[in-house]
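A.B. asks: This is the structure, below, for whatever I ask next.
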Amino acid sequence: MTRKKKEHSGRVLTKKGTATRAAVLNAAHEVFRDTGYYASSVSEISRRAGVSLATFYQYFKNKEQVFQELNDFIIERFMKKAESLSLEGFDFAGRIKKIIALLFDHTKNNLAFHRILGESELVDRVTLAYYEAIARFLRNFLRRETAAGNIRPLDPNIVAYGLIGICYFNSFKWGDAQEELSEEQTIDLMVKLIMQGINGPAEWKRPASWDMLSLPAASPLNEEAGEPLTKGEKTRQSILLAAEKVFGQHGINRASIAEITREAGVALGTFYVHFASKAELVEGYVKYINRNMRLEIQRVAANMPDRRDAERIGVIVCFNFVLRHREVYRIIPEFEMIDKEVSLWYYKKTAQGYVQGLERAMKKGEIGQFPPFFLAHSLMGITHFIALKWIIWAANPNPQLSRQAIENNINFILWGLKA
């Protein structure tokens, strides 16, 4: 007798129908991985699956349904592994290691899918639910450990998204030999960071009036003493600022050069004087926004006598920057799918100066001993995902991170979870 299976729609599938449906899902996974969601098409999915368009529509209404089912499958697979995870007989360090190993393995194996989730048009419909499902599992674990007195009472939601960020950024192929660590080494380092934070053995001399969220005055811009912008430089900057607004409103894929030039108040021909294409504009904007963010952090944090103060200030300034540039920062993850080289440049450029400062601080004992690239990537991941969750993905059109949320984030980075 032919074995039959029910589809989500309730229609009973034959063994052959089940195999055809699975082939379409597998082909869709490949297409989404290679081109992203926006640029994918039903015709390409059907071609790779070796079926006609008519056959595709026998099983799926559209590519959105295919993507949603892939999303559900990946989450269900994670949850099954999470539910079967045996934590009995381990101390807290052993339990958190098993949790992190599970999360890291899941992230690494589904990194391409995670990048697709960065596409702006998916954020409201799929991305939020995807990460919330993982965060819910992590929150429940953290709450149990807090109730048992094993960890400090930090906001479990802040920590959950911080853990997601650590695993995500350590899943990247950064491309430098000195950054290569085995999976076991990476997991052990993540556990060490999560347990104890970055705080080093050197005494941290803080004034009596020290406040975790206080900011020193920013140092002046070097450009203030330089030559004013030329007419051409002003035009280029106007186009970049217009791109920020249009990209933020429509995403990179849907934004048009015509709309950007209208927003900038320049002719279409003028655009092509400064940028050969939309792709070149995207690359130019990524470098422009990255430079501005790094410069802003340096102006406030660079003169701190202790690196721990510089780290807490860097977190605050980064959040303030994202709040002011929320529209465009929403599409920073989209760069990962559209141009992997540009997105990797963005993250590597951010990490370069970071690594040098961490190395100096480790020598002085202000920061605990970690491979500096690993630590830079991990700290970037924490701040990045917390900014995504509370600023970029917020339903409120004018989001704010509460004082308590920022303090919890800084506490987690500096001192970790261990009670």
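Chains: A, B, ... in order of the structure tokens. Residues: from 1 per chain. Ligands: from 1, in order shown.
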Excluding A:Phe141 and residues on its chain fewer than 5 positions from it, collect all residues at most 12 Å away from it, counting only C-alpha atoms, and give them as a ChimeraX atom specification.
C.D. replies: /A:82-83,85,87,92,95-96,98-100,134-136,146-148,150-151,156-157,159-160
A.B. asks: List every residue of stretch 245-391 of chain A that DSSP, applied to the backbone of this structure, assigns to alpha helix (DSSP H), and report them as a PyMOL selection string.
C.D. replies: chain A and resi 245-254+257-264+268-274+278-301+307-324+326-329+332-338+340-363+372-387
A.B. asks: How many Å separate atom CA of A:Thr107 from atom CA of A:Leu375?
C.D. replies: 18.1 Å
A.B. asks: One decimal, in Å: what's the spacing between atom CA of A:Phe113 and atom CA of A:Lys61?
C.D. replies: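 Between atom CA of A:Phe113 and atom CA of A:Lys61 the gap is 21.1 Å.
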A.B. asks: Once you count only C-alpha atoms, what closest atom pair and distance in Å to one decimal does each residue of stretch 270-374 of chain A within 12 Å of stretch 402-417 of chain A have, with rows by chain and rising residue number, as a Markdown table?
C.D. replies:
| residue | atom | partner | partner_atom | distance |
| --- | --- | --- | --- | --- |
| A:Arg307 | CA | A:Leu414 | CA | 10.6 |
| A:Arg308 | CA | A:Leu414 | CA | 7.3 |
| A:Asp309 | CA | A:Leu414 | CA | 9.7 |
| A:Ala310 | CA | A:Leu414 | CA | 11.2 |
| A:Glu311 | CA | A:Ile410 | CA | 8.3 |
| A:Arg312 | CA | A:Ile410 | CA | 5.9 |
| A:Ile313 | CA | A:Ile410 | CA | 9.2 |
| A:Gly314 | CA | A:Ile410 | CA | 9.9 |
| A:Val315 | CA | A:Ile410 | CA | 7.4 |
| A:Ile316 | CA | A:Ile406 | CA | 7.4 |
| A:Val317 | CA | A:Ile406 | CA | 11.0 |
| A:Cys318 | CA | A:Ile406 | CA | 11.1 |
| A:Phe319 | CA | A:Ile406 | CA | 8.8 |
| A:Asn320 | CA | A:Ile406 | CA | 11.0 |
| A:Glu366 | CA | A:Leu414 | CA | 10.6 |
| A:Ile367 | CA | A:Leu414 | CA | 9.0 |
| A:Gly368 | CA | A:Leu414 | CA | 9.9 |
A.B. asks: Only N, CA and C atoms, please: the residues just picked out, written as a tab-separated table (two decimals), in the first residue's frame.
C.D. replies:
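Result went into again.tsv, see below:
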chain	number	residue	atom	x	y	z
A	307	ARG	N	40.17	51.06	29.90
A	307	ARG	CA	39.44	50.47	28.77
A	307	ARG	C	38.02	50.04	29.16
A	308	ARG	N	37.80	49.70	30.42
A	308	ARG	CA	36.46	49.29	30.83
A	308	ARG	C	35.48	50.44	30.71
A	309	ASP	N	35.95	51.66	31.01
A	309	ASP	CA	35.12	52.84	30.79
A	309	ASP	C	34.88	53.06	29.30
A	310	ALA	N	35.93	52.85	28.51
A	310	ALA	CA	35.80	53.02	27.06
A	310	ALA	C	34.77	52.04	26.50
A	311	GLU	N	34.74	50.82	27.02
A	311	GLU	CA	33.78	49.82	26.54
A	311	GLU	C	32.34	50.22	26.87
A	312	ARG	N	32.10	50.64	28.10
A	312	ARG	CA	30.73	51.01	28.47
A	312	ARG	C	30.28	52.24	27.68
A	313	ILE	N	31.20	53.19	27.47
A	313	ILE	CA	30.86	54.40	26.69
A	313	ILE	C	30.60	54.03	25.23
A	314	GLY	N	31.40	53.11	24.70
A	314	GLY	CA	31.20	52.68	23.32
A	314	GLY	C	29.82	52.08	23.10
A	315	VAL	N	29.33	51.32	24.08
A	315	VAL	CA	27.99	50.73	23.99
A	315	VAL	C	26.93	51.84	23.93
A	316	ILE	N	27.05	52.81	24.83
A	316	ILE	CA	26.06	53.89	24.90
A	316	ILE	C	26.06	54.72	23.62
A	317	VAL	N	27.24	55.09	23.15
A	317	VAL	CA	27.35	55.92	21.95
A	317	VAL	C	26.83	55.15	20.73
A	318	CYS	N	27.12	53.87	20.67
A	318	CYS	CA	26.63	53.06	19.55
A	318	CYS	C	25.11	53.04	19.53
A	319	PHE	N	24.48	52.83	20.68
A	319	PHE	CA	23.02	52.83	20.74
A	319	PHE	C	22.45	54.19	20.34
A	320	ASN	N	23.09	55.27	20.81
A	320	ASN	CA	22.62	56.61	20.45
A	320	ASN	C	22.73	56.85	18.95
A	366	GLU	N	43.48	45.51	32.33
A	366	GLU	CA	42.13	46.09	32.44
A	366	GLU	C	41.08	45.14	31.88
A	367	ILE	N	41.47	44.40	30.87
A	367	ILE	CA	40.58	43.44	30.20
A	367	ILE	C	41.14	42.04	30.40
A	368	GLY	N	40.27	41.06	30.63
A	368	GLY	CA	40.70	39.68	30.78
A	368	GLY	C	41.33	39.15	29.51
A.B. asks: Extract, using only C-alpha atoms, all DNA, RNA and protein residues at most 12 Å from A:Gly94, discarding same-chain residues fewer than 4 positions from it, and format them as a list of chain:residue names.
C.D. replies: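 What passes the distance filter is A:Ser86, A:Leu87, A:Glu88, A:Gly89, A:Phe90, A:Lys98, A:Ile99, A:Ile100, A:Ala101, A:Ile187, A:Asp188, A:Val191, A:Lys192, A:Met195.
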A.B. asks: For a test of reading the model, state the distance in Å between atom CA of A:Asp34 and atom CA of A:Glu283, rounded to one decimal.
C.D. replies: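 Going from atom CA of A:Asp34 over to atom CA of A:Glu283 covers 19.8 Å.
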